[in-house]
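Asker: Here you go, this is query_37.cif (mmCIF, C-alpha atoms).
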```
data_input
#
loop_
_atom_site.label_atom_id
_atom_site.label_comp_id
_atom_site.auth_asym_id
_atom_site.auth_seq_id
_atom_site.Cartn_x
_atom_site.Cartn_y
_atom_site.Cartn_z
CA MET A 1353 30.29 19.37 -61.05
CA SER A 1354 28.68 16.55 -62.99
CA ASN A 1355 31.19 15.64 -65.62
CA ALA A 1356 34.90 14.87 -65.52
CA THR A 1357 35.53 16.60 -68.81
CA GLU A 1358 34.61 19.91 -67.22
CA CYS A 1359 37.99 20.07 -65.56
CA PRO A 1360 41.11 19.97 -67.68
CA SER A 1361 43.37 17.11 -66.83
CA SER A 1362 46.39 15.95 -68.77
CA LEU A 1363 45.40 12.37 -68.10
CA VAL A 1364 42.45 12.20 -70.45
CA MET A 1365 43.30 11.01 -73.95
CA GLU A 1366 40.81 10.70 -76.77
CA ARG A 1367 41.08 9.63 -80.38
CA VAL A 1368 38.77 8.40 -83.13
CA PHE A 1369 40.08 5.26 -84.82
CA PRO A 1370 38.72 4.24 -88.24
CA HIS A 1371 37.94 0.76 -86.97
CA SER A 1372 34.96 -1.06 -85.50
CA GLN A 1373 34.12 -1.04 -81.83
CA GLU A 1374 34.51 -4.81 -81.79
CA LYS A 1375 38.05 -4.60 -83.11
CA LEU A 1376 38.96 -1.98 -80.52
CA TRP A 1377 37.50 -4.14 -77.78
CA ARG A 1378 39.64 -7.08 -78.90
CA ALA A 1379 42.78 -4.93 -78.90
CA LEU A 1380 41.94 -3.78 -75.37
CA THR A 1381 41.02 -7.14 -73.89
CA GLU A 1382 42.83 -9.99 -75.68
CA SER A 1383 46.07 -10.47 -73.83
CA PRO A 1384 48.33 -11.22 -76.85
CA LEU A 1385 46.94 -8.22 -78.75
CA LEU A 1386 47.22 -6.00 -75.68
CA ALA A 1387 50.86 -7.04 -75.39
CA GLN A 1388 51.54 -5.72 -78.89
CA TRP A 1389 50.71 -2.13 -78.05
CA MET A 1390 50.65 -1.81 -74.26
CA MET A 1391 52.97 -4.17 -72.41
CA ASN A 1392 53.36 -7.86 -71.72
CA ASN A 1393 50.52 -8.89 -69.45
CA ASP A 1394 48.38 -11.66 -67.98
CA PHE A 1395 45.16 -9.70 -68.39
CA GLU A 1396 41.72 -11.33 -68.52
CA PRO A 1397 38.52 -9.30 -68.86
CA VAL A 1398 37.03 -10.54 -65.59
CA PRO A 1399 36.11 -8.16 -62.75
CA GLY A 1400 38.29 -8.82 -59.71
CA ARG A 1401 41.05 -10.39 -61.82
CA ARG A 1402 44.50 -9.32 -60.63
CA PHE A 1403 47.10 -9.01 -63.35
CA GLN A 1404 50.35 -7.29 -64.20
CA PHE A 1405 51.75 -5.26 -67.04
CA ARG A 1406 55.47 -5.88 -67.36
CA ALA A 1407 58.00 -3.72 -69.16
CA ASP A 1408 61.78 -3.43 -68.96
CA PRO A 1409 62.84 -1.99 -65.60
CA ALA A 1410 63.78 1.69 -65.67
CA PRO A 1411 65.49 3.92 -63.10
CA ASN A 1412 63.10 4.26 -60.13
CA TRP A 1413 60.68 1.77 -61.62
CA ASN A 1414 60.86 -2.03 -61.54
CA GLY A 1415 58.89 -2.25 -64.79
CA ILE A 1416 55.81 -3.74 -63.17
CA VAL A 1417 52.31 -2.30 -63.01
CA ASP A 1418 50.02 -4.14 -60.58
CA CYS A 1419 46.43 -4.07 -61.73
CA GLU A 1420 43.01 -5.34 -60.82
CA VAL A 1421 40.05 -5.37 -63.18
CA LEU A 1422 37.26 -3.15 -61.85
CA ALA A 1423 34.59 -3.07 -64.55
CA VAL A 1424 33.95 -4.85 -67.84
CA GLU A 1425 31.08 -3.81 -70.11
CA PRO A 1426 31.72 -5.60 -73.40
CA MET A 1427 32.40 -3.30 -76.37
CA GLN A 1428 31.85 -0.21 -74.20
CA ARG A 1429 33.79 0.20 -71.00
CA LEU A 1430 36.78 -1.31 -69.26
CA SER A 1431 38.53 -0.13 -66.12
CA TYR A 1432 41.34 -1.36 -63.91
CA ASN A 1433 43.48 -0.23 -61.02
CA TRP A 1434 46.96 0.81 -61.99
CA GLY A 1435 49.49 0.43 -59.18
CA VAL A 1436 53.11 1.47 -59.47
CA GLY A 1437 55.81 0.94 -56.86
CA GLY A 1438 53.84 -1.31 -54.49
CA GLY A 1439 53.90 -1.21 -50.71
CA GLU A 1440 54.09 1.94 -48.62
CA SER A 1441 55.55 4.24 -51.25
CA GLY A 1442 53.38 2.97 -54.10
CA LEU A 1443 50.86 4.96 -56.07
CA GLN A 1444 47.43 3.85 -57.18
CA TRP A 1445 45.53 5.02 -60.21
CA VAL A 1446 42.42 3.97 -62.08
CA VAL A 1447 42.57 3.62 -65.85
CA GLU A 1448 39.22 3.66 -67.61
CA TRP A 1449 38.59 3.00 -71.28
CA THR A 1450 35.34 4.05 -72.93
CA LEU A 1451 34.40 3.13 -76.50
CA THR A 1452 31.59 4.87 -78.36
CA PRO A 1453 30.55 4.67 -82.01
CA ALA A 1454 31.73 7.66 -84.02
CA ASP A 1455 31.45 8.80 -87.62
CA GLY A 1456 33.57 6.37 -89.60
CA GLY A 1457 34.89 4.49 -86.62
CA THR A 1458 35.14 4.35 -82.86
CA HIS A 1459 35.81 7.08 -80.36
CA VAL A 1460 38.25 5.91 -77.68
CA ARG A 1461 38.59 7.75 -74.39
CA MET A 1462 41.22 6.85 -71.81
CA GLU A 1463 41.09 8.45 -68.43
CA GLN A 1464 43.74 7.90 -65.80
CA SER A 1465 42.73 9.28 -62.44
CA GLY A 1466 44.82 9.22 -59.33
CA PHE A 1467 43.79 9.40 -55.76
CA GLY A 1468 46.80 8.44 -53.72
CA PRO A 1469 47.67 5.22 -51.96
CA ASN A 1470 45.37 3.03 -49.91
CA GLN A 1471 42.19 4.79 -50.89
CA GLN A 1472 40.61 2.33 -53.28
CA GLN A 1473 37.48 2.11 -51.16
CA ALA A 1474 37.04 5.84 -51.26
CA TYR A 1475 37.32 5.94 -55.02
CA GLY A 1476 33.79 7.00 -55.83
CA GLY A 1477 33.89 9.78 -53.28
CA ALA A 1478 37.47 10.87 -53.78
CA LYS A 1479 37.42 10.95 -57.54
CA TRP A 1480 35.70 14.26 -58.02
CA GLY A 1481 37.66 16.04 -55.36
CA TRP A 1482 40.91 14.86 -56.82
CA GLN A 1483 39.96 15.75 -60.37
CA ARG A 1484 38.79 19.14 -59.37
CA PHE A 1485 42.14 19.60 -57.72
CA LEU A 1486 43.99 18.61 -60.89
CA GLY A 1487 41.86 21.13 -62.74
CA ASN A 1488 42.73 23.87 -60.28
CA LEU A 1489 46.36 22.87 -60.41
CA GLU A 1490 46.71 24.58 -63.75
CA ASN A 1491 45.68 27.87 -62.20
CA VAL A 1492 48.05 27.40 -59.29
CA LEU A 1493 50.91 26.59 -61.63
CA GLY A 1494 50.10 29.44 -63.92
CA GLY A 1495 51.82 31.64 -61.37
CA VAL A 1496 54.84 29.37 -61.06
CA GLN A 1497 56.02 28.60 -64.55
CA MET B 122 56.35 5.76 -64.80
CA LYS B 123 58.55 6.32 -61.79
CA SER B 124 57.07 7.46 -58.54
CA GLY B 125 60.20 9.10 -57.04
CA ASN B 126 59.63 12.51 -55.43
CA ALA B 127 56.17 12.77 -56.86
CA SER B 128 54.94 10.07 -54.50
CA TYR B 129 55.46 12.33 -51.44
CA VAL B 130 53.47 15.06 -53.12
CA PHE B 131 50.73 12.72 -54.28
CA ARG B 132 50.47 11.16 -50.85
CA ALA B 133 50.31 14.51 -49.14
CA LEU B 134 47.54 15.60 -51.49
CA SER B 135 45.63 12.31 -51.45
CA ASP B 136 43.64 13.58 -48.46
CA PRO B 137 40.76 15.97 -49.22
CA THR B 138 41.33 18.06 -46.07
CA ARG B 139 45.00 18.53 -46.95
CA ARG B 140 44.06 19.49 -50.48
CA ALA B 141 41.61 22.01 -49.10
CA ILE B 142 44.24 23.48 -46.75
CA PHE B 143 46.82 23.66 -49.52
CA GLU B 144 44.39 25.30 -51.93
CA GLU B 145 43.32 27.81 -49.30
CA LEU B 146 46.97 28.76 -48.77
CA THR B 147 47.62 29.17 -52.49
CA ARG B 148 44.47 31.24 -52.83
CA ARG B 149 44.78 33.53 -49.85
CA GLY B 150 48.44 33.58 -48.97
CA GLU B 151 50.00 33.12 -45.56
CA GLN B 152 47.74 32.12 -42.69
CA THR B 153 47.93 31.09 -39.04
CA VAL B 154 47.14 27.60 -37.80
CA HIS B 155 44.23 29.18 -35.99
CA ALA B 156 42.74 30.62 -39.19
CA LEU B 157 43.30 27.35 -41.04
CA THR B 158 41.52 25.45 -38.26
CA LEU B 159 38.47 27.67 -38.65
CA TYR B 160 38.60 27.17 -42.40
CA ALA B 161 39.07 23.38 -42.39
CA GLY B 162 36.40 22.72 -39.78
CA VAL B 163 38.42 20.05 -37.97
CA SER B 164 40.32 20.21 -34.67
CA GLN B 165 43.55 22.16 -34.33
CA PRO B 166 45.63 19.01 -33.60
CA ALA B 167 44.19 17.47 -36.78
CA VAL B 168 45.13 20.57 -38.78
CA SER B 169 48.63 20.52 -37.30
CA LYS B 170 49.01 16.89 -38.31
CA HIS B 171 47.92 17.69 -41.86
CA LEU B 172 50.34 20.61 -41.99
CA THR B 173 53.16 18.32 -40.90
CA VAL B 174 52.44 16.00 -43.83
CA LEU B 175 52.30 18.95 -46.24
CA LYS B 176 55.55 20.26 -44.78
CA ARG B 177 57.26 16.91 -45.30
CA ALA B 178 56.29 17.08 -48.97
CA LYS B 179 57.66 20.65 -48.99
CA LEU B 180 54.26 21.92 -50.09
CA VAL B 181 54.13 24.43 -47.23
CA ARG B 182 56.63 26.26 -45.06
CA HIS B 183 56.13 27.95 -41.74
CA ARG B 184 57.47 30.77 -39.60
CA ARG B 185 56.84 31.57 -35.97
CA ALA B 186 55.74 35.04 -34.88
CA GLY B 187 55.11 35.29 -31.15
CA ARG B 188 52.60 32.61 -30.19
CA GLU B 189 51.32 32.08 -33.68
CA THR B 190 52.72 29.87 -36.42
CA HIS B 191 52.13 31.14 -39.93
CA TYR B 192 51.98 28.83 -42.92
CA ARG B 193 52.40 29.58 -46.56
CA ALA B 194 52.10 27.45 -49.72
CA GLN B 195 55.10 26.45 -51.81
CA PRO B 196 53.46 25.66 -55.14
CA GLU B 197 56.89 25.01 -56.71
CA ALA B 198 56.84 21.75 -54.76
CA LEU B 199 54.13 20.54 -57.15
CA ALA B 200 56.69 20.42 -59.96
CA PRO B 201 57.60 16.72 -59.61
CA MET B 202 53.93 15.86 -59.74
CA VAL B 203 53.44 17.94 -62.85
CA ASP B 204 56.48 16.27 -64.45
CA TRP B 205 54.96 12.95 -63.59
CA LEU B 206 51.66 13.86 -65.23
CA LYS B 207 53.50 15.07 -68.33
CA LEU B 208 55.41 11.80 -68.45
CA TYR B 209 52.15 9.87 -68.44
CA GLY B 210 50.77 12.16 -71.12
CA ALA B 211 53.68 11.15 -73.37
CA PHE B 212 53.29 7.51 -72.35
CA TRP B 213 49.64 7.34 -73.39
CA ARG B 214 50.21 9.23 -76.64
CA ASP B 215 52.82 6.67 -77.57
CA ARG B 216 50.47 3.79 -76.64
CA PHE B 217 47.66 5.27 -78.72
CA ASP B 218 50.02 5.41 -81.71
CA ARG B 219 50.99 1.79 -81.16
CA LEU B 220 47.31 0.84 -80.83
CA GLU B 221 46.62 2.55 -84.16
CA ALA B 222 49.42 0.58 -85.80
CA LEU B 223 48.14 -2.67 -84.34
CA LEU B 224 44.59 -2.01 -85.57
CA GLU B 225 45.98 -1.57 -89.09
CA ARG B 226 47.66 -4.96 -88.85
CA MET B 227 44.63 -6.80 -87.44
CA GLU B 228 42.07 -8.62 -89.57
CA PRO B 229 38.92 -6.49 -89.98
#
```
Just give me the structure as C-alpha cells.

Answerer:
Amino acid sequence: MSNATECPSSLVMERVFPHSQEKLWRALTESPLLAQWMMNNDFEPVPGRRFQFRADPAPNWNGIVDCEVLAVEPMQRLSYNWGVGGGESGLQWVVEWTLTPADGGTHVRMEQSGFGPNQQQAYGGAKWGWQRFLGNLENVLGGVQ
Amino acid sequence: MKSGNASYVFRALSDPTRRAIFEELTRRGEQTVHALTLYAGVSQPAVSKHLTVLKRAKLVRHRRAGRETHYRAQPEALAPMVDWLKLYGAFWRDRFDRLEALLERMEP
C-alpha cells in the first residue's frame, strides 16, 4: 500500500473551491477567520504550537478539542493533532489539510486519521495499519448491517 | 464529537496485534487461543492479554471446551465506532459548507 486514498475511509473529505490557494490558506490559518467556520480557537500556524478549538459543550463532550500543530507548509499543507476527551479515556486523531491548484480554483483535501490514545510517537508507523483496518472495516460490516 | 462507548472500541483496536487478532477472527471464525498464538507470533500470555482487552470492548466472546478456550469475533461491537465515524463525516461536511460561505464573504 502506497497511498491512503487506496482504502476507503469516511474521514477523507475533498472539495474544489472556486477561490485561490492563498485565500484558502488564510481561512485555514488565520485564527479569526478559522473561528468563523470551524470553532473559536487560539490557533497559530507554528509547528509545536498547542491550541484549542472550543465549542458549546454537548452531552459526553466538554466542547474542547486539544490540538498541537504538527506541520505547516505555507499554501500547501497543514496538520494538527486533534484530541477529544483528554486523559485516560481521551482519543487522539490527526487532521491534515492539503491544498492543490485545480481548474478554476483550489482542491481541498481533509483527512482525519485516528490511531488510538497515547500513540503519537508511533504515528508514522501506525497510520497505514490503522487506515487499512478502516478500509477493511467496510467489508466486516457488510455482513452486519 | 463524543467519545462515549466508541473510546473502548478505539482503544482496543489501537494496537496492531489486537487488530490483527480481531481481523483473523472475523475472517476465519472461531479459534482457540493456541491457534491465535501461532497466528499472532507473540507469546500465549501476550495473546491472552490482548484477548482480555478485546473482550472488555465486547469485540470478542469466548467459550470453554475442555482445556481449550475458543474465541469468536463480535463485529456488532464495532457499531459505536462506525456511528462515531459517521458523526465526524457529518461534522466535516457542515464545516466545508461553512468554509465555502466564508470564502464568499472574504475579500478576493

Asker: Using all atoms listed in the file, find the residues of chain B whose closest atom to chain A is at most 6 Å away, then write them as a ChimeraX atom specification.

Answerer: /B:123,131-132,135,219-220

Asker: When you draw a straight line from atom CA of A:Pro1384 to atom CA of A:Arg1401, how long is it in Å?

Answerer: 16.7 Å

Asker: Taking the file as shown, find all residues satisfying the PyMOL selection byres ((chain B and resi 163-168) around 12) and write them as a compact mmCIF listing (two decimals) with C-alpha atoms, keeping the file's coordinate frame.

Answerer:
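Final output, saved to part-v4.txt:
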```txt
# COMPACT_ATOMS: atom_id res chain seq x y z
CA THR B 138 41.33 18.06 -46.07
CA ARG B 139 45.00 18.53 -46.95
CA ARG B 140 44.06 19.49 -50.48
CA ALA B 141 41.61 22.01 -49.10
CA ILE B 142 44.24 23.48 -46.75
CA PHE B 143 46.82 23.66 -49.52
CA THR B 153 47.93 31.09 -39.04
CA VAL B 154 47.14 27.60 -37.80
CA HIS B 155 44.23 29.18 -35.99
CA ALA B 156 42.74 30.62 -39.19
CA LEU B 157 43.30 27.35 -41.04
CA THR B 158 41.52 25.45 -38.26
CA LEU B 159 38.47 27.67 -38.65
CA TYR B 160 38.60 27.17 -42.40
CA ALA B 161 39.07 23.38 -42.39
CA GLY B 162 36.40 22.72 -39.78
CA SER B 169 48.63 20.52 -37.30
CA LYS B 170 49.01 16.89 -38.31
CA HIS B 171 47.92 17.69 -41.86
CA LEU B 172 50.34 20.61 -41.99
CA THR B 173 53.16 18.32 -40.90
CA VAL B 174 52.44 16.00 -43.83
CA LEU B 175 52.30 18.95 -46.24
CA TYR B 192 51.98 28.83 -42.92
```

Asker: Excluding A:Met1427 and any residue of its chain fewer than 6 positions from it, enumerate the residues within 7 Å of it, using only C-alpha atoms, and give them as a list in words.

Answerer: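 My reading of the contact set: Gln1373, Glu1374, Trp1377 and Leu1451 of chain A.
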
Asker: Hey, can you check how far atom CA of A:Arg1406 sits from atom CA of A:Asn1392?

Answerer: 5.2 Å

Asker: If you measure from atom CA of A:Val1446 to atom CA of B:Ala178, what distance in Å do you get, rounded to one decimal?

Answerer: 23.2 Å

Asker: Taking the file as shown, what set of residues would the PyMOL selection byres ((chain A and resi 1419) around 12) give back, as a ChimeraX atom specification?

Answerer: /A:1393-1397,1399-1406,1416-1418,1420-1422,1431-1438,1443-1447
